[in-house]
Amino acid sequence: MAKKTITLMLYMSELIYDVQNKSYLTGRSRSNGQNHEEVANMQANDDDENANQIARSIGNAFGTLKSKLSEYIEESGTTATNKLISTNTNLQLSLIMPSNYNQSTVETISAATHQYLVNSALADWFTITDKNDASDYVTLAGANLEQLREAINKRVRPVRSNP
């Protein structure tokens, strides 16, 4: 049987929004009315230096994810670059799956991939701005990766054919 290809399109605008929103919510939850500067520094925004850091973190997480999923990815490129990915670029990931891959998990794969990239980027962000929160996002990214691996490894039960 032929292998199945699933293609994920990850929109940078959605990834960046989630990083900014979650850092905002984390900062807001840490506010005690007297730590305004600390709370403000926890929150990612569209300022150039922040946007660049978020894009770099997402790019690094995407590269790591591709490495972790390499058995399912066929790419012919032999060159790479450390150029900062554009915030206007979308990330695409095509996975070559076995013929008995259970396609009902494709949405789970998409969501887990998105959350892995967001939580990895947040871990990078909080490593810079608040180290205590960084480990929480590393843990969340690990859980997302486990969920992703579980969904990728779902298979359709074989059916006996009638001779």
# chains A, B, ... in the order shown; residues from 1 in each chain; ligands from 1
$ closest_atom_pairs --of "region 46-82 of chain A" --to "region 109-128 of chain A" --cutoff "6 Å" --atoms "only C-alpha atoms" --output "Markdown table"
| residue | atom | partner | partner_atom | distance |
| --- | --- | --- | --- | --- |
| A:Ser57 | CA | A:Ala121 | CA | 4.8 |
| A:Ile58 | CA | A:Ala121 | CA | 5.4 |
| A:Ala61 | CA | A:Leu117 | CA | 5.6 |
$ write_last_selection --atoms "C-alpha atoms" --output "mmCIF file, in the first residue's frame"
data_model
loop_
_atom_site.group_PDB
_atom_site.id
_atom_site.type_symbol
_atom_site.label_atom_id
_atom_site.label_comp_id
_atom_site.auth_asym_id
_atom_site.auth_seq_id
_atom_site.Cartn_x
_atom_site.Cartn_y
_atom_site.Cartn_z
ATOM 1 C CA SER A 57 12.685 30.824 19.370
ATOM 2 C CA ILE A 58 9.937 29.506 17.094
ATOM 3 C CA ALA A 61 11.777 24.904 18.127
#
$ residues_around --residues "Lys4 (chain A)" --least-positions-apart "6" --cutoff "10 Å" --atoms "only C-alpha atoms" --output "list in words"
Leu95, Ile96, Met97, Pro98, Ser99, Asn100, Tyr101, Asn102 and Gln103 of chain A
$ select_by_dssp --residues "region 17-149 of chain A" --states "strand (DSSP E or B)" --output "CSV table (one decimal) with N, CA and C atoms, in the first residue's frame"
chain,number,residue,atom,x,y,z
A,90,ASN,N,4.9,31.4,6.8
A,90,ASN,CA,4.2,30.3,7.5
A,90,ASN,C,5.1,29.0,7.4
A,91,LEU,N,5.0,28.2,8.4
A,91,LEU,CA,5.9,27.0,8.5
A,91,LEU,C,5.0,25.8,8.0
A,92,GLN,N,5.6,25.0,7.1
A,92,GLN,CA,5.0,23.8,6.6
A,92,GLN,C,5.8,22.6,7.0
A,93,LEU,N,5.0,21.6,7.3
A,93,LEU,CA,5.7,20.3,7.7
A,93,LEU,C,4.9,19.2,7.1
A,94,SER,N,5.6,18.4,6.2
A,94,SER,CA,4.9,17.2,5.6
A,94,SER,C,5.5,16.0,6.2
A,95,LEU,N,4.6,15.1,6.7
A,95,LEU,CA,4.9,13.9,7.3
A,95,LEU,C,4.5,12.7,6.4
A,96,ILE,N,5.5,11.8,6.1
A,96,ILE,CA,5.2,10.6,5.3
A,96,ILE,C,4.9,9.5,6.3
A,97,MET,N,3.6,9.1,6.3
A,97,MET,CA,3.1,8.1,7.3
A,97,MET,C,2.9,6.8,6.6
A,101,TYR,N,-1.7,4.4,8.9
A,101,TYR,CA,-1.8,5.5,9.8
A,101,TYR,C,-3.3,5.9,9.9
$ select_by_dssp --residues "region 82-157 of chain A" --states "alpha helix (DSSP H)" --output "JSON, numbers by chain"
{"A": [106, 107, 108, 109, 110, 111, 112, 113, 114, 115, 116, 117, 118, 119, 120, 121, 122, 123, 124, 125, 126, 127, 128, 129, 131, 132, 133, 134, 135, 136, 137, 138, 139, 140, 141, 142, 143, 144, 145, 146, 147, 148, 149, 150, 151, 152]}
$ atom_distance --atom1 "CA of Asn50 (chain A)" --atom2 "CA of Asn88 (chain A)"
15.2 Å
$ closest_residue --among "A:Lys22, A:Arg157, A:His36, A:Lys3" --to "Tyr137 (chain A)" --atoms "only C-alpha atoms"
A:Lys22
$ atom_distance --atom1 "CA of Asp133 (chain A)" --atom2 "CA of Asp18 (chain A)"
16.1 Å
$ residues_around --residues "Ala55 (chain A)" --least-positions-apart "3" --cutoff "9 Å" --atoms "only C-alpha atoms" --output "list in words"
Met12, Ile16, Asn50, Ala51, Asn52, Ile58, Gly59, Asn60, Leu84, Ile85, Ser86, Thr87 and Ala121 of chain A
$ write_last_selection --atoms "C-alpha atoms" --output "PDB file, in the first residue's frame"
ATOM      1  CA  MET A  12       3.347  32.398  12.284  1.00  0.00           C
ATOM      2  CA  ILE A  16       3.176  34.655  17.738  1.00  0.00           C
ATOM      3  CA  ASN A  50      10.822  41.007  21.225  1.00  0.00           C
ATOM      4  CA  ALA A  51       9.480  39.979  17.817  1.00  0.00           C
ATOM      5  CA  ASN A  52      12.960  38.907  16.749  1.00  0.00           C
ATOM      6  CA  ILE A  58       9.937  29.506  17.094  1.00  0.00           C
ATOM      7  CA  GLY A  59      12.509  28.796  14.372  1.00  0.00           C
ATOM      8  CA  ASN A  60      14.728  26.919  16.817  1.00  0.00           C
ATOM      9  CA  LEU A  84      15.862  34.646  11.239  1.00  0.00           C
ATOM     10  CA  ILE A  85      12.522  33.414   9.940  1.00  0.00           C
ATOM     11  CA  SER A  86      10.118  36.135   8.972  1.00  0.00           C
ATOM     12  CA  THR A  87       7.068  36.756  11.093  1.00  0.00           C
ATOM     13  CA  ALA A 121       9.218  29.633  22.426  1.00  0.00           C
TER      14      ALA A 121
END
$ decode --residues "region 16-159 of chain A" --atoms "C-alpha atoms" --output "mmCIF file, in the first residue's frame"
data_model
loop_
_atom_site.group_PDB
_atom_site.id
_atom_site.type_symbol
_atom_site.label_atom_id
_atom_site.label_comp_id
_atom_site.auth_asym_id
_atom_site.auth_seq_id
_atom_site.Cartn_x
_atom_site.Cartn_y
_atom_site.Cartn_z
ATOM 1 C CA ILE A 16 3.176 34.655 17.738
ATOM 2 C CA TYR A 17 -0.257 35.596 19.044
ATOM 3 C CA ASP A 18 -0.263 32.599 21.380
ATOM 4 C CA VAL A 19 3.236 33.380 22.671
ATOM 5 C CA GLN A 20 2.269 36.997 23.316
ATOM 6 C CA ASN A 21 -1.086 36.130 24.845
ATOM 7 C CA LYS A 22 0.294 33.458 27.162
ATOM 8 C CA SER A 23 3.160 35.666 28.297
ATOM 9 C CA TYR A 24 0.621 38.436 28.930
ATOM 10 C CA LEU A 25 -1.609 36.133 30.965
ATOM 11 C CA THR A 26 1.371 34.788 32.906
ATOM 12 C CA GLY A 27 2.566 38.306 33.657
ATOM 13 C CA ARG A 28 -0.898 39.458 34.665
ATOM 14 C CA SER A 29 -1.280 36.512 37.022
ATOM 15 C CA ARG A 30 2.008 37.454 38.719
ATOM 16 C CA SER A 31 0.942 41.045 39.304
ATOM 17 C CA ASN A 32 0.569 42.034 42.924
ATOM 18 C CA GLY A 33 -0.025 45.745 42.344
ATOM 19 C CA GLN A 34 3.552 46.687 43.220
ATOM 20 C CA ASN A 35 5.667 44.912 40.615
ATOM 21 C CA HIS A 36 4.616 46.734 37.444
ATOM 22 C CA GLU A 37 8.040 46.689 35.768
ATOM 23 C CA GLU A 38 8.607 42.990 36.449
ATOM 24 C CA VAL A 39 5.166 42.117 35.090
ATOM 25 C CA ALA A 40 5.694 44.297 32.009
ATOM 26 C CA ASN A 41 9.025 42.602 31.290
ATOM 27 C CA MET A 42 7.387 39.169 31.351
ATOM 28 C CA GLN A 43 5.063 40.084 28.498
ATOM 29 C CA ALA A 44 6.103 39.636 24.886
ATOM 30 C CA ASN A 45 5.056 42.330 22.425
ATOM 31 C CA ASP A 46 5.567 43.501 18.842
ATOM 32 C CA ASP A 47 8.655 45.625 19.570
ATOM 33 C CA ASP A 48 11.476 44.648 17.204
ATOM 34 C CA GLU A 49 13.716 43.024 19.798
ATOM 35 C CA ASN A 50 10.822 41.007 21.225
ATOM 36 C CA ALA A 51 9.480 39.979 17.817
ATOM 37 C CA ASN A 52 12.960 38.907 16.749
ATOM 38 C CA GLN A 53 13.414 36.796 19.876
ATOM 39 C CA ILE A 54 10.027 35.142 19.432
ATOM 40 C CA ALA A 55 10.727 34.396 15.744
ATOM 41 C CA ARG A 56 14.164 32.993 16.628
ATOM 42 C CA SER A 57 12.685 30.824 19.370
ATOM 43 C CA ILE A 58 9.937 29.506 17.094
ATOM 44 C CA GLY A 59 12.509 28.796 14.372
ATOM 45 C CA ASN A 60 14.728 26.919 16.817
ATOM 46 C CA ALA A 61 11.777 24.904 18.127
ATOM 47 C CA PHE A 62 10.701 24.076 14.566
ATOM 48 C CA GLY A 63 14.193 22.824 13.727
ATOM 49 C CA THR A 64 14.264 20.704 16.878
ATOM 50 C CA LEU A 65 10.808 19.319 16.106
ATOM 51 C CA LYS A 66 11.876 18.337 12.591
ATOM 52 C CA SER A 67 14.838 16.518 14.054
ATOM 53 C CA LYS A 68 12.623 14.656 16.533
ATOM 54 C CA LEU A 69 10.215 13.666 13.745
ATOM 55 C CA SER A 70 12.908 12.965 11.152
ATOM 56 C CA GLU A 71 11.818 9.363 10.557
ATOM 57 C CA TYR A 72 8.569 10.739 9.101
ATOM 58 C CA ILE A 73 10.049 13.586 7.078
ATOM 59 C CA GLU A 74 11.588 13.311 3.644
ATOM 60 C CA GLU A 75 13.535 16.366 2.599
ATOM 61 C CA SER A 76 16.063 16.603 -0.160
ATOM 62 C CA GLY A 77 17.819 19.778 0.950
ATOM 63 C CA THR A 78 21.450 19.588 1.984
ATOM 64 C CA THR A 79 21.931 23.184 3.096
ATOM 65 C CA ALA A 80 20.617 25.162 6.026
ATOM 66 C CA THR A 81 20.816 28.718 7.290
ATOM 67 C CA ASN A 82 20.602 30.497 10.600
ATOM 68 C CA LYS A 83 18.681 33.383 9.045
ATOM 69 C CA LEU A 84 15.862 34.646 11.239
ATOM 70 C CA ILE A 85 12.522 33.414 9.940
ATOM 71 C CA SER A 86 10.118 36.135 8.972
ATOM 72 C CA THR A 87 7.068 36.756 11.093
ATOM 73 C CA ASN A 88 5.136 36.868 7.794
ATOM 74 C CA THR A 89 6.257 33.363 6.806
ATOM 75 C CA ASN A 90 4.238 30.253 7.492
ATOM 76 C CA LEU A 91 5.857 26.979 8.467
ATOM 77 C CA GLN A 92 4.960 23.824 6.583
ATOM 78 C CA LEU A 93 5.658 20.291 7.723
ATOM 79 C CA SER A 94 4.918 17.236 5.582
ATOM 80 C CA LEU A 95 4.949 13.877 7.314
ATOM 81 C CA ILE A 96 5.189 10.642 5.341
ATOM 82 C CA MET A 97 3.109 8.136 7.260
ATOM 83 C CA PRO A 98 2.633 4.386 6.867
ATOM 84 C CA SER A 99 -0.392 3.225 4.883
ATOM 85 C CA ASN A 100 -2.178 2.113 8.068
ATOM 86 C CA TYR A 101 -1.811 5.505 9.770
ATOM 87 C CA ASN A 102 -5.092 6.500 11.440
ATOM 88 C CA GLN A 103 -5.989 9.819 9.814
ATOM 89 C CA SER A 104 -8.442 10.678 12.578
ATOM 90 C CA THR A 105 -5.497 12.025 14.590
ATOM 91 C CA VAL A 106 -4.416 14.670 12.074
ATOM 92 C CA GLU A 107 -6.047 17.501 14.064
ATOM 93 C CA THR A 108 -4.339 16.270 17.232
ATOM 94 C CA ILE A 109 -1.010 16.295 15.401
ATOM 95 C CA SER A 110 -1.641 19.838 14.201
ATOM 96 C CA ALA A 111 -2.657 21.105 17.653
ATOM 97 C CA ALA A 112 0.206 19.336 19.453
ATOM 98 C CA THR A 113 2.711 20.710 16.934
ATOM 99 C CA HIS A 114 1.370 24.235 17.410
ATOM 100 C CA GLN A 115 1.477 23.940 21.205
ATOM 101 C CA TYR A 116 4.978 22.431 21.148
ATOM 102 C CA LEU A 117 6.277 25.418 19.173
ATOM 103 C CA VAL A 118 4.464 27.933 21.401
ATOM 104 C CA ASN A 119 5.572 26.335 24.670
ATOM 105 C CA SER A 120 9.162 25.960 23.443
ATOM 106 C CA ALA A 121 9.218 29.633 22.426
ATOM 107 C CA LEU A 122 7.749 30.597 25.810
ATOM 108 C CA ALA A 123 10.406 28.520 27.563
ATOM 109 C CA ASP A 124 13.055 30.536 25.680
ATOM 110 C CA TRP A 125 11.255 33.790 26.493
ATOM 111 C CA PHE A 126 10.964 33.060 30.194
ATOM 112 C CA THR A 127 14.564 31.842 30.354
ATOM 113 C CA ILE A 128 15.385 35.478 29.603
ATOM 114 C CA THR A 129 12.640 37.248 31.559
ATOM 115 C CA ASP A 130 11.666 34.951 34.447
ATOM 116 C CA LYS A 131 13.597 31.713 34.914
ATOM 117 C CA ASN A 132 11.071 30.311 37.395
ATOM 118 C CA ASP A 133 8.397 30.109 34.705
ATOM 119 C CA ALA A 134 10.757 28.733 32.041
ATOM 120 C CA SER A 135 10.828 25.213 33.484
ATOM 121 C CA ASP A 136 7.018 25.054 33.424
ATOM 122 C CA TYR A 137 7.014 25.694 29.681
ATOM 123 C CA VAL A 138 9.802 23.162 29.089
ATOM 124 C CA THR A 139 7.609 20.602 30.860
ATOM 125 C CA LEU A 140 4.568 21.606 28.789
ATOM 126 C CA ALA A 141 6.561 21.346 25.547
ATOM 127 C CA GLY A 142 7.686 17.855 26.560
ATOM 128 C CA ALA A 143 4.061 16.857 27.181
ATOM 129 C CA ASN A 144 3.098 18.278 23.764
ATOM 130 C CA LEU A 145 5.862 16.244 22.131
ATOM 131 C CA GLU A 146 4.622 13.087 23.852
ATOM 132 C CA GLN A 147 1.057 13.810 22.684
ATOM 133 C CA LEU A 148 2.382 14.368 19.164
ATOM 134 C CA ARG A 149 4.301 11.079 19.170
ATOM 135 C CA GLU A 150 1.254 9.209 20.453
ATOM 136 C CA ALA A 151 -0.976 10.653 17.715
ATOM 137 C CA ILE A 152 1.581 9.898 15.001
ATOM 138 C CA ASN A 153 1.770 6.282 16.125
ATOM 139 C CA LYS A 154 -1.961 5.581 15.942
ATOM 140 C CA ARG A 155 -2.778 2.879 13.420
ATOM 141 C CA VAL A 156 -5.953 1.577 11.838
ATOM 142 C CA ARG A 157 -6.951 -1.875 12.973
ATOM 143 C CA PRO A 158 -6.534 -4.461 10.204
ATOM 144 C CA VAL A 159 -9.657 -5.892 8.621
#
